[in-house]
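Structure data (compact mmCIF, C-alpha atoms and all ligand atoms) from query_11.txt:
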```txt
# COMPACT_ATOMS: atom_id res chain seq x y z
CA MET A 7 -27.47 -14.96 -22.03
CA THR A 8 -29.29 -11.80 -20.96
CA LYS A 9 -32.01 -12.45 -18.45
CA THR A 10 -35.18 -11.07 -19.99
CA THR A 11 -36.48 -10.14 -16.53
CA ASP A 12 -33.60 -7.69 -16.06
CA PRO A 13 -34.45 -4.05 -16.78
CA ALA A 14 -32.38 -2.34 -19.48
CA LEU A 15 -28.99 -0.92 -18.51
CA ALA A 16 -29.04 2.73 -17.44
CA LEU A 17 -26.43 3.15 -20.17
CA HIS A 18 -29.22 2.24 -22.63
CA GLY A 19 -31.89 4.39 -21.02
CA GLY A 20 -33.11 1.91 -18.38
CA PRO A 21 -33.68 2.75 -14.69
CA LYS A 22 -30.58 3.43 -12.55
CA VAL A 23 -29.83 1.03 -9.69
CA LYS A 24 -28.53 3.79 -7.40
CA THR A 25 -31.22 6.34 -6.73
CA GLU A 26 -29.92 7.80 -3.46
CA PRO A 27 -26.49 9.37 -2.91
CA PHE A 28 -23.77 7.39 -1.15
CA SER A 29 -23.39 8.06 2.57
CA THR A 30 -20.48 10.28 3.49
CA GLY A 31 -18.84 11.40 6.74
CA LYS A 32 -16.17 13.60 8.26
CA ARG A 33 -12.73 12.09 8.76
CA PHE A 34 -11.53 14.81 11.14
CA GLY A 35 -13.22 16.33 14.17
CA LEU A 36 -12.67 17.95 17.53
CA GLU A 37 -10.41 15.05 18.61
CA GLU A 38 -7.85 16.08 16.00
CA ALA A 39 -8.33 19.77 16.83
CA LYS A 40 -7.69 19.15 20.54
CA HIS A 41 -4.37 17.40 19.88
CA LEU A 42 -3.35 20.08 17.37
CA LEU A 43 -3.97 22.80 19.91
CA GLU A 44 -1.96 20.89 22.52
CA ALA A 45 0.86 20.53 19.99
CA LEU A 46 0.94 24.29 19.43
CA GLU A 47 0.84 24.95 23.15
CA GLN A 48 4.04 22.92 23.55
CA ASN A 49 5.78 25.88 21.92
CA THR A 50 7.66 23.47 19.65
CA LEU A 51 6.65 21.42 16.62
CA PHE A 52 9.86 19.39 16.53
CA TYR A 53 9.29 15.66 17.07
CA HIS A 54 12.25 15.23 19.35
CA SER A 55 11.23 18.04 21.70
CA GLY A 56 7.46 17.48 21.75
CA GLU A 57 5.22 14.62 22.84
CA LYS A 58 2.80 14.18 19.94
CA VAL A 59 4.89 12.09 17.54
CA LYS A 60 6.13 10.04 20.51
CA THR A 61 2.57 9.40 21.70
CA PHE A 62 1.44 8.62 18.15
CA LEU A 63 4.14 5.95 17.88
CA GLU A 64 3.46 4.54 21.35
CA GLU A 65 -0.18 4.05 20.43
CA PHE A 66 0.73 2.60 17.05
CA ASN A 67 3.12 0.17 18.78
CA ARG A 68 0.40 -0.87 21.22
CA LEU A 69 -2.11 -1.41 18.40
CA TYR A 70 0.39 -3.45 16.41
CA GLY A 71 2.06 -5.24 19.31
CA VAL A 72 5.55 -4.12 18.29
CA GLN A 73 8.27 -2.67 20.47
CA TYR A 74 9.73 -0.09 18.09
CA SER A 75 8.60 2.07 15.22
CA VAL A 76 9.83 5.29 13.62
CA ALA A 77 7.77 8.16 12.15
CA THR A 78 8.57 9.57 8.71
CA SER A 79 7.34 12.34 6.42
CA SER A 80 5.62 9.96 3.95
CA GLY A 81 5.09 6.34 3.03
CA THR A 82 7.70 6.74 0.30
CA ALA A 83 10.12 7.95 2.99
CA ALA A 84 9.23 5.02 5.26
CA ILE A 85 10.12 2.56 2.48
CA HIS A 86 13.36 4.36 1.66
CA VAL A 87 14.36 4.31 5.34
CA ALA A 88 13.55 0.59 5.60
CA LEU A 89 15.66 -0.15 2.51
CA LEU A 90 18.53 1.83 4.03
CA ALA A 91 18.16 -0.29 7.16
CA CYS A 92 18.33 -3.44 5.00
CA GLY A 93 21.67 -2.22 3.72
CA VAL A 94 20.37 -1.76 0.16
CA SER A 95 23.08 0.05 -1.78
CA VAL A 96 24.60 0.69 -5.22
CA GLY A 97 23.94 -2.10 -7.70
CA ASP A 98 21.83 -4.26 -5.39
CA GLU A 99 18.55 -5.69 -6.62
CA VAL A 100 15.22 -5.37 -4.83
CA ILE A 101 12.32 -7.62 -5.88
CA THR A 102 8.90 -5.99 -5.80
CA SER A 103 5.46 -5.79 -7.43
CA PRO A 104 4.74 -4.18 -10.83
CA ILE A 105 1.28 -3.02 -9.71
CA THR A 106 1.93 -0.44 -7.04
CA ASP A 107 2.42 3.25 -6.27
CA MET A 108 5.70 4.87 -7.38
CA GLY A 109 6.35 5.36 -3.66
CA THR A 110 7.29 1.67 -3.52
CA ILE A 111 9.98 2.19 -6.16
CA VAL A 112 11.45 5.61 -5.33
CA GLY A 113 13.60 4.48 -2.40
CA ILE A 114 15.09 1.62 -4.40
CA LEU A 115 16.31 4.01 -7.08
CA TYR A 116 17.51 6.65 -4.60
CA GLN A 117 19.74 3.95 -3.13
CA ASN A 118 21.00 3.38 -6.70
CA ALA A 119 19.65 -0.13 -6.49
CA VAL A 120 17.75 -1.83 -9.32
CA PRO A 121 14.05 -2.71 -9.09
CA VAL A 122 13.23 -6.26 -10.21
CA PHE A 123 9.58 -7.07 -10.80
CA ALA A 124 7.91 -10.35 -9.84
CA ASP A 125 4.61 -11.47 -11.31
CA LEU A 126 1.38 -11.54 -9.33
CA ASP A 127 -1.32 -14.01 -8.45
CA PRO A 128 -4.09 -13.36 -10.99
CA TYR A 129 -6.87 -12.99 -8.40
CA THR A 130 -5.29 -11.69 -5.15
CA TYR A 131 -3.02 -9.21 -7.06
CA THR A 132 -0.15 -9.94 -4.66
CA MET A 133 3.33 -11.27 -5.49
CA ASP A 134 3.42 -14.89 -6.58
CA PRO A 135 6.11 -16.60 -4.45
CA LYS A 136 7.07 -18.81 -7.40
CA SER A 137 7.89 -15.75 -9.50
CA VAL A 138 9.74 -14.12 -6.57
CA ARG A 139 11.93 -17.21 -6.31
CA GLU A 140 12.70 -17.09 -10.04
CA ARG A 141 13.85 -13.47 -9.74
CA ILE A 142 16.39 -14.10 -6.99
CA THR A 143 20.01 -13.54 -8.07
CA PRO A 144 23.29 -13.17 -6.14
CA ARG A 145 22.63 -9.39 -6.23
CA THR A 146 19.23 -9.60 -4.52
CA LYS A 147 19.37 -7.67 -1.26
CA ALA A 148 15.71 -7.42 -0.30
CA ILE A 149 12.17 -8.44 -1.17
CA LEU A 150 9.71 -5.54 -0.95
CA SER A 151 6.27 -7.11 -0.71
CA VAL A 152 3.25 -4.95 -1.50
CA HIS A 153 0.01 -5.88 0.26
CA LEU A 154 -2.08 -4.33 -2.50
CA ALA A 155 -5.45 -2.85 -1.52
CA GLY A 156 -5.15 -4.33 1.97
CA ASN A 157 -4.73 -7.92 0.78
CA PRO A 158 -1.79 -9.74 2.41
CA CYS A 159 1.00 -11.29 0.33
CA SER A 160 1.71 -15.01 0.92
CA MET A 161 4.17 -14.18 3.67
CA ASP A 162 5.01 -17.75 4.74
CA GLU A 163 6.42 -18.50 1.30
CA ILE A 164 8.09 -15.09 0.93
CA MET A 165 9.78 -15.36 4.34
CA ALA A 166 10.96 -18.89 3.50
CA ILE A 167 12.55 -17.70 0.23
CA ALA A 168 14.16 -14.76 2.04
CA ARG A 169 15.65 -16.95 4.76
CA GLU A 170 16.92 -19.45 2.25
CA HIS A 171 18.76 -16.74 0.30
CA ASN A 172 19.67 -14.53 3.25
CA VAL A 173 17.81 -11.47 1.98
CA LYS A 174 15.75 -8.97 3.96
CA VAL A 175 11.98 -8.46 3.70
CA VAL A 176 10.26 -5.07 3.74
CA GLU A 177 6.46 -4.98 3.79
CA ASP A 178 4.76 -2.11 1.96
CA CYS A 179 1.62 -1.69 4.08
CA ALA A 180 0.61 1.71 2.70
CA GLN A 181 -2.72 0.20 1.61
CA SER A 182 -3.03 -2.49 4.27
CA TYR A 183 -3.75 -1.29 7.78
CA LEU A 184 -4.87 -3.99 10.22
CA SER A 185 -4.84 -6.81 7.68
CA TYR A 186 -4.04 -10.21 9.11
CA TYR A 187 -2.06 -13.06 7.65
CA LYS A 188 -2.47 -16.36 9.52
CA GLY A 189 -3.27 -14.51 12.74
CA ARG A 190 -0.41 -11.99 12.46
CA LEU A 191 -0.74 -8.36 11.47
CA VAL A 192 0.90 -7.52 8.15
CA GLY A 193 3.72 -5.10 8.78
CA THR A 194 4.99 -7.20 11.71
CA ILE A 195 6.11 -10.26 9.71
CA GLY A 196 9.04 -9.03 7.58
CA ASP A 197 12.11 -7.21 8.90
CA TYR A 198 10.40 -3.83 8.52
CA GLY A 199 6.80 -2.77 7.85
CA CYS A 200 6.08 0.55 6.11
CA PHE A 201 2.89 2.56 6.39
CA SER A 202 1.61 5.76 4.79
CA THR A 203 -0.67 8.36 6.35
CA ASN A 204 -1.08 10.40 3.17
CA ASP A 205 -4.52 11.90 2.68
CA PHE A 206 -5.85 9.01 0.57
CA LYS A 207 -5.01 6.16 2.94
CA HIS A 208 -7.17 4.52 5.66
CA ILE A 209 -6.01 7.26 8.06
CA SER A 210 -4.56 10.65 7.19
CA THR A 211 -2.13 13.08 8.77
CA GLY A 212 -1.98 15.05 5.52
CA ASP A 213 1.27 13.29 4.75
CA GLY A 214 3.31 10.94 6.87
CA GLY A 215 4.60 7.43 7.36
CA ILE A 216 5.68 4.81 9.88
CA VAL A 217 8.36 2.10 9.85
CA THR A 218 8.04 -0.82 12.25
CA VAL A 219 11.29 -2.39 13.45
CA ASN A 220 10.34 -6.01 13.81
CA SER A 221 13.61 -7.41 15.12
CA GLY A 222 12.69 -5.69 18.38
CA GLU A 223 16.40 -4.89 18.80
CA GLU A 224 17.32 -1.50 20.18
CA ASP A 225 20.33 -1.17 17.87
CA ASP A 226 18.19 -1.78 14.82
CA TYR A 227 15.69 0.79 16.08
CA HIS A 228 18.41 3.38 16.59
CA ARG A 229 19.67 2.90 13.03
CA VAL A 230 16.19 3.23 11.52
CA HIS A 231 15.51 6.26 13.70
CA ALA A 232 18.69 7.95 12.49
CA PHE A 233 17.98 7.13 8.83
CA ALA A 234 14.81 9.27 9.01
CA ASP A 235 16.78 12.20 10.46
CA LYS A 236 19.90 12.82 8.30
CA ASN A 237 21.57 9.96 10.13
CA TYR A 238 21.89 12.14 13.21
CA ARG A 239 21.76 9.98 16.29
CA ARG A 240 19.38 11.93 18.43
CA PHE A 241 18.71 10.13 21.69
CA GLY A 242 18.00 11.65 25.07
CA ASP A 243 19.72 15.01 25.38
CA SER A 244 22.65 14.21 23.09
CA VAL A 245 22.95 14.44 19.31
CA ASN A 246 25.70 12.67 17.43
CA ARG A 247 26.22 14.48 14.12
CA ASP A 248 29.27 12.50 13.04
CA VAL A 249 27.32 10.71 10.32
CA GLU A 250 28.70 7.49 8.88
CA MET A 251 26.52 7.41 5.77
CA LEU A 252 24.07 9.43 3.73
CA ALA A 253 20.44 9.64 4.87
CA PRO A 254 17.75 12.25 4.06
CA ASN A 255 15.61 14.36 6.36
CA TYR A 256 12.30 12.49 6.49
CA ARG A 257 11.08 13.75 9.86
CA MET A 258 7.44 13.89 10.91
CA THR A 259 6.29 17.08 12.63
CA GLU A 260 4.27 17.40 15.83
CA LEU A 261 1.27 18.63 13.81
CA GLN A 262 1.13 15.34 11.91
CA GLY A 263 1.70 13.36 15.12
CA ALA A 264 -1.17 15.23 16.80
CA VAL A 265 -3.64 14.40 14.02
CA GLY A 266 -2.29 10.84 13.93
CA ILE A 267 -3.11 10.19 17.59
CA ALA A 268 -6.78 10.98 16.97
CA GLN A 269 -6.83 9.11 13.63
CA LEU A 270 -5.40 5.91 15.16
CA LYS A 271 -8.39 5.68 17.51
CA LYS A 272 -10.67 5.42 14.48
CA LEU A 273 -8.50 2.93 12.63
CA PRO A 274 -9.97 -0.34 14.00
CA TRP A 275 -13.49 0.78 13.08
CA ILE A 276 -12.39 1.98 9.64
CA CYS A 277 -10.65 -1.30 8.82
CA LYS A 278 -13.37 -3.54 10.28
CA THR A 279 -16.09 -1.73 8.33
CA ARG A 280 -14.14 -1.93 5.08
CA GLN A 281 -13.39 -5.60 5.66
CA VAL A 282 -17.05 -6.43 6.18
CA TYR A 283 -18.13 -4.34 3.18
CA GLY A 284 -15.52 -5.75 0.81
CA ASP A 285 -16.19 -9.35 1.79
CA ARG A 286 -19.89 -8.70 1.37
CA ILE A 287 -19.36 -7.43 -2.18
CA THR A 288 -17.43 -10.62 -2.94
CA GLU A 289 -20.25 -12.75 -1.57
CA GLY A 290 -22.78 -10.75 -3.56
CA ILE A 291 -21.01 -10.98 -6.92
CA SER A 292 -19.64 -14.53 -6.64
CA GLY A 293 -20.83 -17.07 -9.17
CA LEU A 294 -21.49 -14.56 -11.95
CA THR A 295 -20.29 -15.75 -15.34
CA GLY A 296 -17.21 -13.83 -16.50
CA VAL A 297 -16.74 -11.91 -13.23
CA PHE A 298 -13.84 -12.63 -10.84
CA PRO A 299 -14.24 -11.05 -7.40
CA HIS A 300 -11.33 -9.57 -5.39
CA LYS A 301 -9.88 -12.76 -3.87
CA VAL A 302 -8.52 -12.58 -0.33
CA THR A 303 -5.20 -14.37 0.17
CA GLU A 304 -5.46 -17.78 1.81
CA GLY A 305 -5.19 -17.37 5.59
CA GLY A 306 -5.59 -13.61 5.32
CA THR A 307 -8.05 -10.81 5.95
CA CYS A 308 -8.36 -7.74 3.73
CA SER A 309 -9.09 -4.15 4.81
CA TYR A 310 -9.96 -3.12 1.23
CA TRP A 311 -8.34 0.18 0.44
CA PHE A 312 -10.33 -0.37 -2.74
CA TYR A 313 -12.29 -3.22 -4.27
CA MET A 314 -10.97 -4.53 -7.59
CA PHE A 315 -12.61 -7.28 -9.63
CA ARG A 316 -11.89 -8.61 -13.11
CA VAL A 317 -14.29 -9.08 -16.00
CA MET A 318 -14.15 -11.22 -19.13
CA CYS A 319 -15.59 -8.62 -21.49
CA ASP A 320 -14.87 -5.09 -22.70
CA ARG A 321 -14.11 -3.68 -19.30
CA ASP A 322 -14.37 -0.04 -20.38
CA ARG A 323 -17.95 -0.73 -21.36
CA PHE A 324 -18.54 -2.56 -18.08
CA SER A 325 -17.14 0.39 -16.14
CA ASP A 326 -19.18 2.92 -18.17
CA ALA A 327 -22.29 0.84 -17.54
CA LEU A 328 -21.61 0.78 -13.77
CA ASN A 329 -21.09 4.54 -13.73
CA ALA A 330 -24.38 5.00 -15.57
CA GLU A 331 -26.08 2.89 -12.88
CA GLY A 332 -24.81 5.43 -10.34
CA ILE A 333 -21.88 3.34 -9.06
CA PRO A 334 -18.53 5.15 -9.42
CA SER A 335 -15.91 2.84 -10.87
CA SER A 336 -12.70 3.12 -12.82
CA ALA A 337 -11.26 0.87 -15.48
CA GLY A 338 -8.01 -0.54 -14.13
CA TYR A 339 -5.78 0.96 -11.46
CA ILE A 340 -2.45 2.43 -12.59
CA PRO A 341 -2.25 3.08 -16.36
CA GLN A 342 0.20 0.24 -16.95
CA VAL A 343 2.57 -2.04 -15.05
CA VAL A 344 5.33 0.03 -13.46
CA TYR A 345 8.14 -1.40 -15.62
CA ARG A 346 6.40 -0.02 -18.72
CA TYR A 347 6.70 3.54 -17.38
CA SER A 348 9.10 5.74 -19.41
CA LEU A 349 11.66 5.76 -16.61
CA PHE A 350 12.15 2.00 -17.00
CA GLN A 351 11.74 1.85 -20.76
CA ASN A 352 14.42 4.56 -21.15
CA ARG A 353 16.41 3.09 -18.25
CA GLN A 354 16.92 6.60 -17.01
CA ALA A 355 16.23 7.72 -13.44
CA TYR A 356 18.65 10.66 -13.38
CA GLU A 357 19.40 13.35 -15.97
CA ARG A 358 22.40 12.54 -18.19
CA SER A 359 22.89 9.17 -16.52
CA ARG A 360 21.92 5.51 -16.96
CA PHE A 361 22.86 4.83 -13.38
CA PRO A 362 21.98 2.43 -11.72
CA PHE A 363 20.51 0.54 -14.69
CA ASP A 364 23.88 0.24 -16.42
CA LEU A 365 25.10 -1.78 -13.43
CA SER A 366 22.63 -4.50 -14.25
CA ASN A 367 21.19 -6.53 -17.09
CA VAL A 368 17.69 -6.56 -15.61
CA ARG A 369 15.11 -6.19 -18.40
CA TYR A 370 11.76 -4.46 -18.47
CA ASP A 371 10.23 -6.03 -21.59
CA SER A 372 6.51 -6.33 -22.02
CA ASN A 373 5.21 -9.72 -20.97
CA LEU A 374 7.77 -9.78 -18.15
CA CYS A 375 4.84 -10.24 -15.73
CA PRO A 376 1.94 -11.57 -17.82
CA ASN A 377 -0.51 -11.96 -14.92
CA ALA A 378 0.08 -8.39 -13.75
CA GLU A 379 -0.43 -7.04 -17.27
CA ALA A 380 -3.64 -9.06 -17.68
CA ILE A 381 -4.93 -7.85 -14.31
CA LEU A 382 -4.56 -4.20 -15.32
CA GLN A 383 -6.26 -4.83 -18.67
CA THR A 384 -9.34 -6.52 -17.20
CA ALA A 385 -9.79 -4.91 -13.78
CA ILE A 386 -12.52 -2.62 -12.55
CA ARG A 387 -12.01 -0.70 -9.35
CA ILE A 388 -14.76 0.44 -7.01
CA PRO A 389 -14.01 2.74 -4.09
CA VAL A 390 -14.93 1.39 -0.64
CA SER A 391 -15.61 3.80 2.20
CA GLU A 392 -16.21 3.22 5.89
CA PHE A 393 -18.89 5.89 5.62
CA TYR A 394 -20.98 3.91 3.12
CA SER A 395 -24.22 2.45 4.42
CA GLU A 396 -25.17 -1.22 4.07
CA ARG A 397 -27.69 -0.06 1.51
CA ASP A 398 -24.86 1.47 -0.53
CA ILE A 399 -23.07 -1.89 -0.56
CA ASP A 400 -26.24 -3.70 -1.61
CA ASP A 401 -26.67 -1.20 -4.45
CA ILE A 402 -23.07 -1.82 -5.60
CA ILE A 403 -23.75 -5.56 -5.63
CA GLN A 404 -27.03 -5.16 -7.47
CA ALA A 405 -25.45 -2.92 -10.09
CA VAL A 406 -22.53 -5.28 -10.75
CA ARG A 407 -24.96 -8.18 -11.08
CA LYS A 408 -27.18 -6.23 -13.43
CA VAL A 409 -24.32 -5.09 -15.67
CA ALA A 410 -22.78 -8.57 -15.67
CA ASN A 411 -26.08 -10.14 -16.70
CA HIS A 412 -26.11 -7.82 -19.71
CA LEU A 413 -22.43 -7.83 -20.65
CA THR A 414 -20.63 -10.96 -19.50
CA ALA A 415 -23.32 -13.62 -19.11
C1 LIG A 501 0.53 5.49 -1.07
C2 LIG A 501 1.49 4.41 -1.32
C3 LIG A 501 2.87 4.58 -1.14
C4 LIG A 501 3.52 5.91 -0.87
O1 LIG A 501 3.01 6.59 0.21
P1 LIG A 501 3.17 8.21 0.26
O2 LIG A 501 2.79 8.53 1.66
O3 LIG A 501 2.23 8.76 -0.75
O4 LIG A 501 4.58 8.52 -0.03
C5 LIG A 501 3.70 3.49 -1.29
N1 LIG A 501 3.22 2.30 -1.62
C6 LIG A 501 1.91 2.08 -1.83
C7 LIG A 501 1.44 0.71 -2.18
C8 LIG A 501 0.99 3.13 -1.71
O5 LIG A 501 -0.30 2.93 -1.94
```
Take the structure in the file and give it back as structure tokens.
Ligand SMILES: *Cc1c(COP(=O)(O)O)cnc(C)c1O
Amino acid sequence: MTKTTDPALALHGGPKVKTEPFSTGKRFGLEEAKHLLEALEQNTLFYHSGEKVKTFLEEFNRLYGVQYSVATSSGTAAIHVALLACGVSVGDEVITSPITDMGTIVGILYQNAVPVFADLDPYTYTMDPKSVRERITPRTKAILSVHLAGNPCSMDEIMAIAREHNVKVVEDCAQSYLSYYKGRLVGTIGDYGCFSTNDFKHISTGDGGIVTVNSGEEDDYHRVHAFADKNYRRFGDSVNRDVEMLAPNYRMTELQGAVGIAQLKKLPWICKTRQVYGDRITEGISGLTGVFPHKVTEGGTCSYWFYMFRVMCDRDRFSDALNAEGIPSSAGYIPQVVYRYSLFQNRQAYERSRFPFDLSNVRYDSNLCPNAEAILQTAIRIPVSEFYSERDIDDIIQAVRKVANHLTA
């Protein structure tokens, strides 16, 4: 029922909720410039010779309370390196989420392993442990859990399944800096945690990535380190180029490391602000008929890379109405679940080859992950920024409430 006291939707000529522009800010400043200049003054931009990537990782390790991590050229690279470290190889299966960036999937296919998709919880948008368990086969080598939008996966259950079946766990933390799960930082729970510093993530080095080595074992660290550097074993003054297996060049440069040092200092503030803002939106839009807020995983905290809620009405209309109110929103996230992409429908990752799909009878039919498909068909995504003001958040809440009162109530 439409509340008669509500003004008309802006979409229908009524007054807009948002009358002032959103607050903005600068992500980069003199801090970054100072470290960049120092990097150049080193007279080398190679990570092994300079100090910037090393310092970046030391500070990351301190922030995360881990002993070892390795820098990479991207988040995609970080995940590929972690899968290499798990021993993922030809014909293995890796269980992951169907709502994610292609960067989650690329490394699986480059190892000639087969992606297997588990369904999601309908409201947290993270992998449902029950579905993960159903997807385990004798070929499963690893579970690649995606903490979507900063919301932790149910790691207790996922780690239990992994231990039971002797498979490795890689955490895709590209969207989930400083999110906690039962008091532990995500990225430190599985065997390896993978981060992205591409320009759209919580912090940016232009492009870049990090892999945490959670065993804390030096041997493990050395392997991961080599996998990001052509499998050259580059420690101290010596380089061992007698490579045992194939690994790409995924090195981070000193320029990225320099920017990263300055960006890391801002990370706690960025994540805290987003957490407060996202949780506040949830509080503000809870209890509306036909609107399901972005649910935080039980025992977790969320650092909201974006805010995504679901509506029980024509969501394109809902999104158009929000945009008309002055609140930028998009209908859905990725266009469809990953297994519906042409690559999977054609079972073709490489020209003139069905490899590695012909090694497996894994299927990519529609309705494979019904919750994930329903999420994408009913979701509305609102950007969250640490630069927004509290007033901006209140306007978002007011606009969602207004539109919901007209369209879903
Ligand atoms: C961004 C992203 C990646 C890939 O990171 P890049 O640095 O762009 O390679 C992987 N997984 C998820 C969930 C992401 O959001």
Closest contacts (chain A/ligand LIG 501 (chain A), max 8 Å, only C-alpha atoms and all ligand atoms) as CSV:
```
residue,atom,partner,partner_atom,distance
A:Ser79,CA,A:LIG501,O2,7.6
A:Ser80,CA,A:LIG501,O2,3.9
A:Gly81,CA,A:LIG501,O2,3.5
A:Thr82,CA,A:LIG501,O4,3.6
A:Ala83,CA,A:LIG501,O4,6.3
A:Ala84,CA,A:LIG501,O4,7.9
A:Ile85,CA,A:LIG501,C5,7.5
A:Thr106,CA,A:LIG501,C7,5.0
A:Asp107,CA,A:LIG501,C6,4.6
A:Met108,CA,A:LIG501,C5,6.6
A:Gly109,CA,A:LIG501,C4,4.0
A:Thr110,CA,A:LIG501,N1,4.5
A:Val152,CA,A:LIG501,C7,6.0
A:His153,CA,A:LIG501,C7,7.2
A:Leu154,CA,A:LIG501,C7,6.2
A:Ala155,CA,A:LIG501,O5,7.8
A:Asp178,CA,A:LIG501,N1,5.9
A:Cys179,CA,A:LIG501,C7,6.7
A:Ala180,CA,A:LIG501,C8,4.6
A:Gln181,CA,A:LIG501,O5,5.1
A:Phe201,CA,A:LIG501,O1,7.4
A:Ser202,CA,A:LIG501,O2,4.3
A:Thr203,CA,A:LIG501,O2,5.8
A:Asn204,CA,A:LIG501,O2,4.6
A:Phe206,CA,A:LIG501,C1,7.5
A:Lys207,CA,A:LIG501,C1,6.9
A:Asp213,CA,A:LIG501,O2,5.9
A:Gly214,CA,A:LIG501,O2,5.8
A:Gly215,CA,A:LIG501,O2,6.1
```
Within 9 Å of Val409 of chain A using all atoms listed in the file, minus same-chain residues under 6 positions, as a PyMOL selection string:
chain A and resi 15+324+327-328+331
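Of the residues under consideration (A:Ser137, A:Asn246, A:Ser372, A:Ser75), A:Ser75 shows the shortest atom-to-atom contact distance to Thr194 of chain A when counting all atoms listed in the file.
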Find the distance between atom CA of Leu294 of chain A and atom CA of Pro128 of chain A and write it in Å to one decimal.
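Taking atom CA of Leu294 of chain A as the start and atom CA of Pro128 of chain A as the end point, the length is 17.5 Å.
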When distances are computed from all atoms listed in the file, which of A:Arg280, A:Arg190, A:Lys236, A:Arg139 shows the smallest separation from Glu392 of chain A?
A:Arg280
Residues of segment 118-152 of chain A that approach segment 346-366 of chain A to 12 Å or less, counting all atoms listed in the file: could you list each one with the shortest pair of atoms and its distance in Å to one decimal, rows by chain and increasing residue number, as CSV?
```
residue,atom,partner,partner_atom,distance
A:Asn118,CA,A:Pro362,CA,5.2
A:Ala119,CA,A:Pro362,CA,6.3
A:Val120,CA,A:Pro362,CA,6.5
A:Pro121,CA,A:Phe363,CA,9.1
A:Val122,CA,A:Ser366,CA,10.4
A:Phe123,CA,A:Arg346,CA,11.1
A:Thr143,CA,A:Ser366,CA,11.3
A:Pro144,CA,A:Ser366,CA,11.9
A:Arg145,CA,A:Ser366,CA,9.4
A:Thr146,CA,A:Ser366,CA,11.5
```
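Among the candidate residues A:Arg387, A:Gly305, A:Ile381, A:Leu261, the one lying nearest to Gln48 of chain A is A:Leu261, with distances computed using all atoms listed in the file.
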Mind listing as a list in words all residues within 8 Å of (3.4, -11.3, 5.4), counting all atoms listed in the file?
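Output of the proximity query reads Ser151, Pro158, Cys159, Ser160, Met161, Asp162, Ile164, Met165, Glu177, Tyr187, Leu191, Val192, Gly193, Thr194, Ile195 and Gly196 of chain A.
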Which of A:Val100, A:Ile111, A:Pro27, A:Val297 sits closest to Val138 of chain A [using only C-alpha atoms]
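For Val138 of chain A, the nearest of the candidates is A:Val100.
The nearest approach to Trp275 of chain A among the residues A:Gly293, A:Tyr183, A:Asp322, A:Glu260, with all atoms listed in the file taken into account, belongs to A:Tyr183.
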Selected residue of minimal separation from Pro13 of chain A among A:Ala253, A:Val175, A:Ala405, A:Ile142, counting only C-alpha atoms:
A:Ala405
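Here atom CA of Phe233 of chain A is placed at a distance of 26.4 Å from atom CA of Leu46 of chain A.
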Distance atom CA of His231 of chain A-atom CA of Leu252 of chain A, one decimal place?
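So the two atoms, atom CA of His231 of chain A and atom CA of Leu252 of chain A, lie 13.5 Å apart.
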